[in-house]
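Source file: model-v1.tsv (TSV, C-alpha atoms (C1' of nucleotides))
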chain	number	residue	atom	x	y	z
A	1	MET	CA	22.66	18.80	46.93
A	2	THR	CA	26.09	19.68	45.69
A	3	ASP	CA	27.36	21.71	42.78
A	4	ILE	CA	28.69	18.63	41.14
A	5	LYS	CA	26.33	17.63	38.39
A	6	THR	CA	24.89	14.19	38.99
A	7	PRO	CA	25.01	12.38	35.67
A	8	PRO	CA	21.25	12.17	35.03
A	9	HIS	CA	20.86	8.72	33.72
A	10	GLY	CA	22.94	7.77	30.75
A	11	ALA	CA	26.39	8.72	31.92
A	12	SER	CA	28.58	8.92	28.86
A	13	LYS	CA	30.64	5.90	27.98
A	14	LEU	CA	33.63	8.20	27.71
A	15	THR	CA	33.76	8.54	31.46
A	16	ALA	CA	34.69	4.83	31.61
A	17	ASN	CA	32.98	4.66	34.95
A	18	PRO	CA	33.04	1.07	36.17
A	19	LEU	CA	29.60	1.49	37.69
A	20	PHE	CA	28.26	2.64	34.38
A	21	LEU	CA	29.87	-0.24	32.58
A	22	ARG	CA	28.36	-2.64	35.03
A	23	ASP	CA	24.91	-1.11	34.61
A	24	GLU	CA	25.25	-1.09	30.85
A	25	GLU	CA	26.52	-4.65	30.86
A	26	LEU	CA	23.50	-5.80	32.83
A	27	ARG	CA	21.06	-3.81	30.72
A	28	GLN	CA	22.50	-5.33	27.58
A	29	ALA	CA	22.20	-8.79	29.07
A	30	ILE	CA	18.52	-8.19	29.81
A	31	GLU	CA	17.89	-6.95	26.31
A	32	MET	CA	19.81	-9.78	24.69
A	33	LEU	CA	17.82	-12.29	26.64
A	34	PHE	CA	14.65	-10.65	25.36
A	35	PHE	CA	15.70	-10.71	21.71
A	36	ALA	CA	17.23	-14.16	21.79
A	37	TYR	CA	14.21	-15.65	23.51
A	38	ARG	CA	11.86	-14.00	21.05
A	39	ASP	CA	13.68	-15.56	18.11
A	40	PHE	CA	14.07	-18.86	19.90
A	41	THR	CA	10.33	-19.19	20.43
A	42	GLY	CA	9.65	-17.68	17.01
A	43	VAL	CA	11.04	-20.63	15.06
A	44	ALA	CA	8.72	-22.99	16.93
A	45	ASP	CA	5.72	-20.68	16.67
A	46	GLU	CA	5.86	-20.85	12.89
A	47	ILE	CA	5.61	-24.63	12.93
A	48	LEU	CA	2.92	-24.67	15.61
A	49	ALA	CA	0.76	-22.39	13.49
A	50	ASP	CA	0.56	-25.20	10.87
A	51	TYR	CA	-1.12	-27.39	13.47
A	52	GLY	CA	-3.29	-24.74	15.04
A	53	PHE	CA	-1.33	-25.02	18.26
A	54	GLY	CA	0.32	-22.41	20.45
A	55	ARG	CA	3.21	-22.22	22.85
A	56	ALA	CA	1.23	-23.85	25.59
A	57	HIS	CA	0.88	-26.97	23.46
A	58	HIS	CA	4.56	-26.86	22.68
A	59	ARG	CA	5.56	-26.77	26.32
A	60	ALA	CA	3.31	-29.71	27.14
A	61	ILE	CA	4.63	-31.72	24.18
A	62	TYR	CA	8.17	-30.86	25.05
A	63	PHE	CA	8.07	-31.97	28.67
A	64	ILE	CA	6.01	-35.08	28.00
A	65	GLY	CA	8.53	-36.04	25.32
A	66	ARG	CA	11.35	-35.40	27.73
A	67	HIS	CA	9.79	-37.37	30.58
A	68	PRO	CA	7.65	-40.15	29.11
A	69	GLY	CA	5.20	-41.55	31.64
A	70	MET	CA	5.11	-38.40	33.72
A	71	THR	CA	1.94	-37.65	35.65
A	72	VAL	CA	-0.34	-34.70	35.18
A	73	SER	CA	0.72	-33.30	38.56
A	74	GLU	CA	4.36	-33.43	37.63
A	75	LEU	CA	3.66	-31.58	34.41
A	76	LEU	CA	1.69	-28.98	36.33
A	77	ARG	CA	4.56	-28.44	38.73
A	78	ILE	CA	7.04	-27.91	35.90
A	79	LEU	CA	4.83	-25.60	33.89
A	80	ARG	CA	3.55	-23.73	36.93
A	81	ILE	CA	0.09	-23.21	35.52
A	82	THR	CA	-3.29	-24.28	36.84
A	83	LYS	CA	-4.90	-27.61	36.15
A	84	GLN	CA	-7.67	-25.86	34.28
A	85	SER	CA	-5.23	-24.11	31.95
A	86	LEU	CA	-3.34	-27.28	31.28
A	87	ASN	CA	-6.48	-29.29	30.75
A	88	ARG	CA	-7.51	-27.21	27.81
A	89	VAL	CA	-4.32	-27.81	25.86
A	90	LEU	CA	-3.78	-31.33	27.12
A	91	GLY	CA	-7.34	-32.25	26.20
A	92	GLN	CA	-6.74	-31.03	22.66
A	93	LEU	CA	-3.47	-32.90	22.36
A	94	ILE	CA	-5.08	-36.13	23.56
A	95	GLU	CA	-8.17	-35.72	21.42
A	96	GLU	CA	-6.12	-35.05	18.31
A	97	GLY	CA	-3.88	-38.02	19.02
A	98	TYR	CA	-0.60	-36.38	19.94
A	99	VAL	CA	-0.54	-37.55	23.55
A	100	SER	CA	-1.73	-40.79	25.14
A	101	GLN	CA	-2.80	-41.42	28.70
A	102	GLN	CA	-2.31	-44.62	30.58
A	103	GLN	CA	-3.53	-45.50	34.04
A	104	GLY	CA	-0.78	-45.75	36.64
A	105	VAL	CA	0.08	-49.19	37.97
A	106	GLN	CA	1.09	-48.50	41.56
A	107	ASP	CA	-1.30	-45.57	41.77
A	108	ARG	CA	-4.30	-46.02	39.56
A	109	ARG	CA	-5.44	-42.44	40.06
A	110	GLN	CA	-2.55	-41.29	37.95
A	111	ARG	CA	-2.77	-40.79	34.23
A	112	LEU	CA	0.70	-41.33	32.81
A	113	LEU	CA	1.40	-39.16	29.79
A	114	ARG	CA	3.26	-40.18	26.67
A	115	LEU	CA	3.68	-38.88	23.15
A	116	THR	CA	2.12	-40.97	20.43
A	117	GLU	CA	4.06	-41.52	17.22
A	118	LYS	CA	2.28	-38.51	15.79
A	119	GLY	CA	3.21	-36.51	18.87
A	120	ARG	CA	6.79	-37.64	18.65
A	121	ALA	CA	6.94	-36.51	15.04
A	122	LEU	CA	5.71	-33.05	15.95
A	123	GLU	CA	8.05	-32.87	18.92
A	124	GLU	CA	10.97	-33.71	16.69
A	125	ARG	CA	10.00	-31.13	14.13
A	126	LEU	CA	9.80	-28.46	16.81
A	127	SER	CA	12.98	-29.49	18.55
A	128	ALA	CA	14.85	-29.71	15.28
A	129	ALA	CA	14.02	-26.09	14.51
A	130	GLN	CA	15.09	-24.83	17.91
A	131	GLN	CA	18.11	-27.10	18.05
A	132	SER	CA	19.36	-25.90	14.71
A	133	LEU	CA	19.10	-22.31	15.94
A	134	ILE	CA	21.04	-23.14	19.11
A	135	ALA	CA	23.48	-25.39	17.28
A	136	GLY	CA	24.25	-22.58	14.85
A	137	ALA	CA	25.05	-20.27	17.73
A	138	PHE	CA	27.12	-22.95	19.48
A	139	ARG	CA	29.08	-23.60	16.30
A	140	GLU	CA	30.00	-19.93	15.90
A	141	VAL	CA	31.48	-19.74	19.37
A	142	GLY	CA	33.91	-21.98	21.21
A	143	ALA	CA	33.23	-24.74	23.69
A	144	GLU	CA	34.22	-22.38	26.51
A	145	SER	CA	31.53	-19.92	25.44
A	146	VAL	CA	28.94	-22.68	25.37
A	147	ASP	CA	30.01	-23.59	28.85
A	148	GLY	CA	29.77	-19.98	30.00
A	149	PHE	CA	26.30	-19.75	28.51
A	150	ARG	CA	25.21	-22.81	30.50
A	151	LYS	CA	26.72	-21.55	33.71
A	152	VAL	CA	25.03	-18.18	33.49
A	153	LEU	CA	21.63	-19.70	32.71
A	154	LEU	CA	22.00	-22.02	35.68
A	155	GLY	CA	22.83	-19.02	37.83
A	156	ILE	CA	19.72	-17.20	36.69
A	157	MET	CA	17.49	-20.12	37.65
A	158	GLY	CA	16.40	-19.39	41.17
A	159	ASN	CA	15.01	-22.78	41.95
A	160	GLU	CA	17.43	-25.40	43.14
A	161	GLY	CA	15.13	-28.15	41.93
A	162	ASP	CA	15.20	-26.77	38.42
A	163	ARG	CA	18.96	-26.53	38.50
A	164	GLU	CA	19.23	-30.17	39.44
A	165	ARG	CA	17.62	-31.14	36.18
A	166	PHE	CA	20.88	-30.38	34.45
A	167	GLU	CA	23.61	-32.86	35.11
A	168	ARG	CA	26.92	-31.87	33.81
A	169	LEU	CA	27.58	-33.35	30.41
A	170	GLN	CA	30.97	-34.36	29.19
A	171	SER	CA	31.99	-32.01	26.43
A	172	PRO	CA	31.79	-33.81	23.13
A	173	ARG	CA	35.23	-34.26	21.69
A	174	ARG	CA	35.26	-31.85	18.80
B	1	MET	CA	14.83	-52.71	8.55
B	2	THR	CA	17.95	-54.33	9.92
B	3	ASP	CA	18.53	-56.63	12.84
B	4	ILE	CA	20.45	-53.97	14.62
B	5	LYS	CA	18.28	-52.44	17.28
B	6	THR	CA	17.75	-48.79	16.64
B	7	PRO	CA	18.16	-47.01	19.97
B	8	PRO	CA	14.57	-45.91	20.50
B	9	HIS	CA	14.99	-42.44	21.71
B	10	GLY	CA	17.05	-41.93	24.77
B	11	ALA	CA	20.25	-43.74	23.88
B	12	SER	CA	22.06	-44.38	27.13
B	13	LYS	CA	24.74	-41.97	28.15
B	14	LEU	CA	26.99	-44.94	28.72
B	15	THR	CA	27.33	-45.42	25.00
B	16	ALA	CA	29.20	-42.10	24.96
B	17	ASN	CA	27.89	-41.55	21.48
B	18	PRO	CA	28.96	-38.08	20.33
B	19	LEU	CA	25.71	-37.65	18.43
B	20	PHE	CA	23.76	-38.38	21.56
B	21	LEU	CA	25.86	-35.98	23.57
B	22	ARG	CA	25.26	-33.28	21.02
B	23	ASP	CA	21.52	-33.90	21.04
B	24	GLU	CA	21.43	-33.95	24.82
B	25	GLU	CA	23.54	-30.81	24.99
B	26	LEU	CA	21.12	-28.99	22.71
B	27	ARG	CA	18.05	-30.27	24.53
B	28	GLN	CA	19.48	-29.12	27.82
B	29	ALA	CA	20.22	-25.72	26.35
B	30	ILE	CA	16.60	-25.39	25.21
B	31	GLU	CA	15.32	-26.39	28.62
B	32	MET	CA	17.70	-24.11	30.47
B	33	LEU	CA	16.61	-21.21	28.35
B	34	PHE	CA	13.01	-21.98	29.28
B	35	PHE	CA	13.65	-22.12	33.03
B	36	ALA	CA	15.99	-19.16	33.13
B	37	TYR	CA	13.63	-17.00	31.11
B	38	ARG	CA	10.71	-17.99	33.30
B	39	ASP	CA	12.53	-16.89	36.43
B	40	PHE	CA	13.92	-13.82	34.74
B	41	THR	CA	10.45	-12.57	33.82
B	42	GLY	CA	9.06	-13.83	37.10
B	43	VAL	CA	10.89	-11.31	39.27
B	44	ALA	CA	9.45	-8.47	37.19
B	45	ASP	CA	5.96	-9.96	37.07
B	46	GLU	CA	5.71	-9.80	40.84
B	47	ILE	CA	6.43	-6.08	40.85
B	48	LEU	CA	4.14	-5.40	37.90
B	49	ALA	CA	1.27	-7.03	39.74
B	50	ASP	CA	1.49	-4.26	42.37
B	51	TYR	CA	0.70	-1.74	39.65
B	52	GLY	CA	-1.87	-3.79	37.80
B	53	PHE	CA	0.44	-4.01	34.81
B	54	GLY	CA	1.62	-6.96	32.75
B	55	ARG	CA	4.61	-7.91	30.70
B	56	ALA	CA	3.42	-5.85	27.79
B	57	HIS	CA	3.65	-2.72	29.93
B	58	HIS	CA	7.08	-3.73	31.10
B	59	ARG	CA	8.40	-4.11	27.58
B	60	ALA	CA	7.05	-0.72	26.57
B	61	ILE	CA	8.48	0.94	29.69
B	62	TYR	CA	11.78	-0.79	29.20
B	63	PHE	CA	12.34	0.28	25.61
B	64	ILE	CA	11.04	3.81	26.11
B	65	GLY	CA	13.42	4.15	29.05
B	66	ARG	CA	16.24	2.81	26.96
B	67	HIS	CA	15.52	5.08	24.00
B	68	PRO	CA	13.98	8.31	25.27
B	69	GLY	CA	12.25	10.26	22.53
B	70	MET	CA	11.60	7.22	20.39
B	71	THR	CA	8.56	7.24	18.13
B	72	VAL	CA	5.59	4.92	18.31
B	73	SER	CA	6.64	3.27	15.03
B	74	GLU	CA	10.10	2.53	16.35
B	75	LEU	CA	8.62	0.94	19.43
B	76	LEU	CA	6.29	-1.14	17.27
B	77	ARG	CA	9.20	-2.37	15.20
B	78	ILE	CA	11.15	-3.45	18.27
B	79	LEU	CA	8.23	-5.14	19.99
B	80	ARG	CA	6.86	-6.68	16.79
B	81	ILE	CA	3.27	-6.32	17.84
B	82	THR	CA	0.41	-4.48	16.20
B	83	LYS	CA	-0.44	-0.85	16.71
B	84	GLN	CA	-3.74	-1.87	18.28
B	85	SER	CA	-2.06	-4.10	20.81
B	86	LEU	CA	0.48	-1.48	21.73
B	87	ASN	CA	-2.11	1.23	21.99
B	88	ARG	CA	-3.92	-0.46	24.80
B	89	VAL	CA	-0.90	-0.66	27.04
B	90	LEU	CA	0.61	2.60	25.89
B	91	GLY	CA	-2.69	4.36	26.43
B	92	GLN	CA	-2.82	3.10	30.00
B	93	LEU	CA	0.76	4.10	30.67
B	94	ILE	CA	0.13	7.60	29.36
B	95	GLU	CA	-3.16	8.01	31.15
B	96	GLU	CA	-1.69	6.88	34.45
B	97	GLY	CA	1.26	9.20	34.03
B	98	TYR	CA	4.14	6.79	33.46
B	99	VAL	CA	4.86	7.86	29.88
B	100	SER	CA	4.67	11.27	28.22
B	101	GLN	CA	4.16	12.09	24.58
B	102	GLN	CA	5.62	15.08	22.82
B	103	GLN	CA	5.00	16.18	19.28
B	104	GLY	CA	7.99	15.74	16.99
B	105	VAL	CA	9.82	18.87	15.82
B	106	GLN	CA	10.99	17.91	12.35
B	107	ASP	CA	8.00	15.64	11.81
B	108	ARG	CA	4.99	16.85	13.72
B	109	ARG	CA	3.05	13.65	13.06
B	110	GLN	CA	5.34	11.84	15.44
B	111	ARG	CA	4.62	11.44	19.13
B	112	LEU	CA	7.94	11.14	20.88
B	113	LEU	CA	7.78	8.88	23.91
B	114	ARG	CA	9.49	9.45	27.23
B	115	LEU	CA	9.21	8.13	30.74
B	116	THR	CA	7.92	10.57	33.32
B	117	GLU	CA	9.56	10.64	36.71
B	118	LYS	CA	6.95	8.17	37.92
B	119	GLY	CA	7.69	5.99	34.91
B	120	ARG	CA	11.40	6.19	35.53
B	121	ALA	CA	10.87	5.10	39.11
B	122	LEU	CA	8.92	2.04	38.01
B	123	GLU	CA	11.45	1.25	35.31
B	124	GLU	CA	14.24	1.36	37.87
B	125	ARG	CA	12.39	-0.88	40.25
B	126	LEU	CA	11.83	-3.44	37.52
B	127	SER	CA	15.33	-3.23	36.14
B	128	ALA	CA	16.85	-3.46	39.59
B	129	ALA	CA	15.08	-6.75	40.21
B	130	GLN	CA	16.16	-8.27	36.91
B	131	GLN	CA	19.63	-6.81	37.14
B	132	SER	CA	20.20	-8.25	40.57
B	133	LEU	CA	19.19	-11.67	39.26
B	134	ILE	CA	21.59	-11.38	36.32
B	135	ALA	CA	24.29	-9.77	38.42
B	136	GLY	CA	24.09	-12.64	40.88
B	137	ALA	CA	24.59	-15.12	38.08
B	138	PHE	CA	27.44	-13.07	36.60
B	139	ARG	CA	29.13	-12.87	39.97
B	140	GLU	CA	29.09	-16.63	40.42
B	141	VAL	CA	30.83	-17.27	37.13
B	142	GLY	CA	33.93	-15.74	35.58
B	143	ALA	CA	34.20	-12.91	33.10
B	144	GLU	CA	34.87	-15.46	30.36
B	145	SER	CA	31.58	-17.17	31.09
B	146	VAL	CA	29.74	-13.87	30.92
B	147	ASP	CA	31.37	-13.29	27.59
B	148	GLY	CA	30.37	-16.72	26.37
B	149	PHE	CA	26.80	-16.08	27.49
B	150	ARG	CA	26.71	-12.88	25.45
B	151	LYS	CA	28.21	-14.51	22.38
B	152	VAL	CA	25.73	-17.37	22.38
B	153	LEU	CA	22.74	-15.05	22.83
B	154	LEU	CA	23.99	-12.92	19.95
B	155	GLY	CA	24.28	-16.05	17.84
B	156	ILE	CA	20.70	-17.03	18.62
B	157	MET	CA	19.38	-13.67	17.47
B	158	GLY	CA	18.56	-14.15	13.84
B	159	ASN	CA	18.12	-10.55	12.97
B	160	GLU	CA	21.24	-8.59	12.06
B	161	GLY	CA	19.53	-5.36	13.07
B	162	ASP	CA	18.91	-6.67	16.57
B	163	ARG	CA	22.48	-7.83	16.85
B	164	GLU	CA	23.75	-4.37	15.99
B	165	ARG	CA	22.08	-2.98	19.09
B	166	PHE	CA	24.85	-4.52	21.14
B	167	GLU	CA	28.15	-2.76	20.84
B	168	ARG	CA	30.99	-4.52	22.45
B	169	LEU	CA	31.60	-3.22	25.93
B	170	GLN	CA	34.98	-3.00	27.55
B	171	SER	CA	35.10	-5.48	30.34
B	172	PRO	CA	35.01	-3.68	33.63
B	173	ARG	CA	38.29	-4.05	35.46
B	174	ARG	CA	37.48	-6.36	38.31
C	1	DG	C1'	-13.24	-49.81	57.95
C	2	DC	C1'	-13.95	-45.12	57.94
C	3	DA	C1'	-12.24	-40.51	57.42
C	4	DT	C1'	-9.30	-37.79	54.99
C	5	DA	C1'	-6.14	-36.57	51.46
C	6	DT	C1'	-4.69	-36.75	46.76
C	7	DA	C1'	-4.90	-37.15	41.43
C	8	DA	C1'	-7.47	-35.93	37.90
C	9	DG	C1'	-11.13	-33.72	35.54
C	10	DT	C1'	-15.05	-30.35	34.77
C	11	DC	C1'	-18.04	-26.07	34.61
C	12	DA	C1'	-18.28	-21.20	34.67
C	13	DA	C1'	-16.67	-16.59	34.65
C	14	DC	C1'	-13.13	-13.46	33.83
C	15	DA	C1'	-8.43	-10.87	32.49
C	16	DT	C1'	-4.67	-10.06	29.54
C	17	DG	C1'	-2.50	-9.49	25.48
C	18	DA	C1'	-2.12	-10.92	21.10
C	19	DC	C1'	-4.61	-10.77	16.33
C	20	DT	C1'	-7.46	-8.95	11.87
C	21	DG	C1'	-10.00	-5.52	9.40
C	22	DA	C1'	-11.87	-1.09	8.61
C	23	DC	C1'	-11.56	3.61	9.05
C	24	DA	C1'	-10.12	8.69	10.58
C	25	DT	C1'	-6.97	12.53	11.06
C	26	DA	C1'	-2.94	15.23	10.47
C	27	DA	C1'	1.16	16.10	8.30
C	28	DA	C1'	4.89	15.05	5.13
C	29	DA	C1'	6.48	13.99	0.56
C	30	DA	C1'	6.04	13.29	-4.32
D	1	DT	C1'	-2.77	18.31	-5.42
D	2	DT	C1'	-2.41	13.52	-4.68
D	3	DT	C1'	-0.39	10.01	-2.19
D	4	DT	C1'	1.99	8.15	1.61
D	5	DT	C1'	3.09	7.94	6.38
D	6	DA	C1'	2.42	8.29	11.55
D	7	DT	C1'	-0.82	7.80	14.75
D	8	DG	C1'	-5.09	6.62	16.80
D	9	DT	C1'	-9.61	4.20	17.21
D	10	DC	C1'	-13.69	0.89	16.94
D	11	DA	C1'	-15.14	-3.74	16.82
D	12	DG	C1'	-14.62	-8.53	17.03
D	13	DT	C1'	-11.86	-12.80	17.81
D	14	DC	C1'	-8.48	-16.04	19.82
D	15	DA	C1'	-5.04	-18.14	23.01
D	16	DT	C1'	-3.77	-18.65	27.43
D	17	DG	C1'	-3.70	-17.57	31.79
D	18	DT	C1'	-6.57	-16.88	36.34
D	19	DT	C1'	-10.17	-18.04	40.53
D	20	DG	C1'	-13.69	-20.73	42.65
D	21	DA	C1'	-16.69	-24.57	43.18
D	22	DC	C1'	-17.48	-29.22	42.62
D	23	DT	C1'	-17.09	-34.48	41.21
D	24	DT	C1'	-15.02	-39.03	40.90
D	25	DA	C1'	-11.81	-42.48	41.85
D	26	DT	C1'	-8.30	-44.08	44.56
D	27	DA	C1'	-4.83	-44.14	48.18
D	28	DT	C1'	-3.50	-43.57	52.88
D	29	DG	C1'	-3.67	-42.90	57.92
D	30	DC	C1'	-5.76	-43.94	62.20

Serialized structure, structure tokens:
Amino acid sequence: MTDIKTPPHGASKLTANPLFLRDEELRQAIEMLFFAYRDFTGVADEILADYGFGRAHHRAIYFIGRHPGMTVSELLRILRITKQSLNRVLGQLIEEGYVSQQQGVQDRRQRLLRLTEKGRALEERLSAAQQSLIAGAFREVGAESVDGFRKVLLGIMGNEGDRERFERLQSPRR
Amino acid sequence: MTDIKTPPHGASKLTANPLFLRDEELRQAIEMLFFAYRDFTGVADEILADYGFGRAHHRAIYFIGRHPGMTVSELLRILRITKQSLNRVLGQLIEEGYVSQQQGVQDRRQRLLRLTEKGRALEERLSAAQQSLIAGAFREVGAESVDGFRKVLLGIMGNEGDRERFERLQSPRR
DNA sequence: GCATATAAGTCAACATGACTGACATAAAAA
DNA sequence: TTTTTATGTCAGTCATGTTGACTTATATGC
């Protein structure tokens, strides 16, 4: 097109081109999300392996623990998987005594889900591992950074309904 | 144990117990990471479906695009999967003309990986989708929040080697 | 009260992307 | 020359997702 060389793809940082910085900033963010998420799930995966469970079991345990008495449909909507997929893991969790089902009162078609004591123990073990990872990161940075982290994650969530799950917390007085 | 009722699990927020706030803060962080990551990968998954590819292909394309001329071993180390797993997706990408291999010069056992033009086009389409999601979130919040987001993600990454991938960028002058 | 919709569960078949283990080839390094 | 390394391949398994068809119990609308 012109004589001016189009910087092919990785324009040098020395050019201090704002567009490049922006691109690089976004690429780094994508990559950081990948690495951080890998390690974040990794600490739970190690524990799950002891029980012969996978991430799917973890997600079910997590949300049931978070919302005791939730229905199967609600869990399906959160996880965004099919009933058949969920049933495999949920069936295992119930059979092995980690989750209990209880018929709904107003609507007796519903099967309300709860963690058993055994399920609660596993949930706590898993959460403790992930919380200690997050807590370590939170401790290294300031409260403002933690707040920035939350804000960005909320911004990434496309779904308004998901966003509403997160009421603003008061910052703990440190 | 004692007469004092142990708050069963979800101590009320009204108690304003700092320990509860901390626990709730960490639980929210875990959940936000889950939802944000789901949406973040979701925008790419939609595009990948057009090509009959999955996330595994995306990761390979992403890192090859990011590090042109990288070896298969390097890619394996980053992805932390087995050679056999990688070979399936890499084989497809090569066969369908998204990735090229080139024998190493110093070490002729190596097969240096690069995106073809077709591969580059796909990579850009995928990155554009994820970047626009991230960029939207970055735009909504301040530069300090973006910085906090980065710091926390770095803190979550356990591996020092991973952390070193991310040089500090100058903030673009907004 | 009957028709329809909804909540939950089940059977079967299939795809993807991980894994292990064993082995082959070429080239580098000791 | 022997050993190690980089890559690739065959074969089998597992976890987790999918679609489609169908059942049962219960709620809800007309």

Excluding segment 87-93 of chain B and its own-chain neighbours fewer than 6 positions away, which residues fall within 9 Å of it when counting all atoms listed in the file? Please give them as an MDAnalysis selection string.
(chainID B and resid 53:54 56:57 60:61 99:100 119) or (chainID D and resid 8)

Could the residues of chain A that have an atom at most 7 Å from chain D be listed as CSV, each with its closest atom pair and the distance in Å to one decimal, counting only C-alpha atoms (C1' of nucleotides) and ordered by chain and ascending residue number?
residue,atom,partner,partner_atom,distance
A:Ser85,CA,D:DG17,C1',6.7
A:Arg108,CA,D:DT26,C1',6.7
A:Arg109,CA,D:DT26,C1',5.6

Enumerate, in order of chain and increasing residue number, the residues of chain B with an atom no farther than 6 Å from chain A, each with its shortest atom pair and distance in Å to one decimal, counting all atoms listed in the file, as a Markdown table.
| residue | atom | partner | partner_atom | distance |
| --- | --- | --- | --- | --- |
| B:Pro18 | CA | A:Pro172 | CA | 5.8 |
| B:Leu26 | CA | A:Gln131 | CA | 5.9 |
| B:Ala36 | CA | A:Met157 | CA | 4.9 |
| B:Gln131 | CA | A:Leu26 | CA | 5.9 |
| B:Ala137 | CA | A:Gly155 | CA | 4.3 |
| B:Ser145 | CA | A:Gly148 | CA | 3.5 |
| B:Gly148 | CA | A:Ser145 | CA | 3.5 |
| B:Phe149 | CA | A:Phe149 | CA | 3.8 |
| B:Val152 | CA | A:Ala137 | CA | 5.5 |
| B:Leu153 | CA | A:Ala36 | CA | 5.7 |
| B:Gly155 | CA | A:Ala137 | CA | 4.3 |
| B:Ile156 | CA | A:Ala137 | CA | 5.5 |
| B:Met157 | CA | A:Ala36 | CA | 4.9 |
| B:Pro172 | CA | A:Pro18 | CA | 5.7 |

Residues of chain A were defined as contacting chain C if any atom lay at most 9 Å from it, counting all atoms listed in the file; please report them as a PyMOL selection string.
chain A and resi 71-73+83-84+87+109-111

Please, what distance in Å, to one decimal, runs between atom CA of Arg114 of chain B and atom CA of Glu160 of chain B?
26.3 Å

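From atom CA of Arg55 of chain A back to atom CA of Gly104 of chain A, the distance works out to 27.6 Å.
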
Distance of atom CA of Asp107 of chain A from atom CA of Ile64 of chain A, expressed in Å to one decimal place
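One can read the atom CA of Ile64 of chain A to atom CA of Asp107 of chain A distance as 18.8 Å.
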
Once you add 5 Å to each side, what are the centre and edge lengths of the axis-aligned box holding all listed atoms of segment 8-20 of chain C? One decimal in Å, as AutoDock Vina command-line options, if you can.
--center_x -10.2 --center_y -22.4 --center_z 24.9 --size_x 26.2 --size_y 37.0 --size_z 36.0
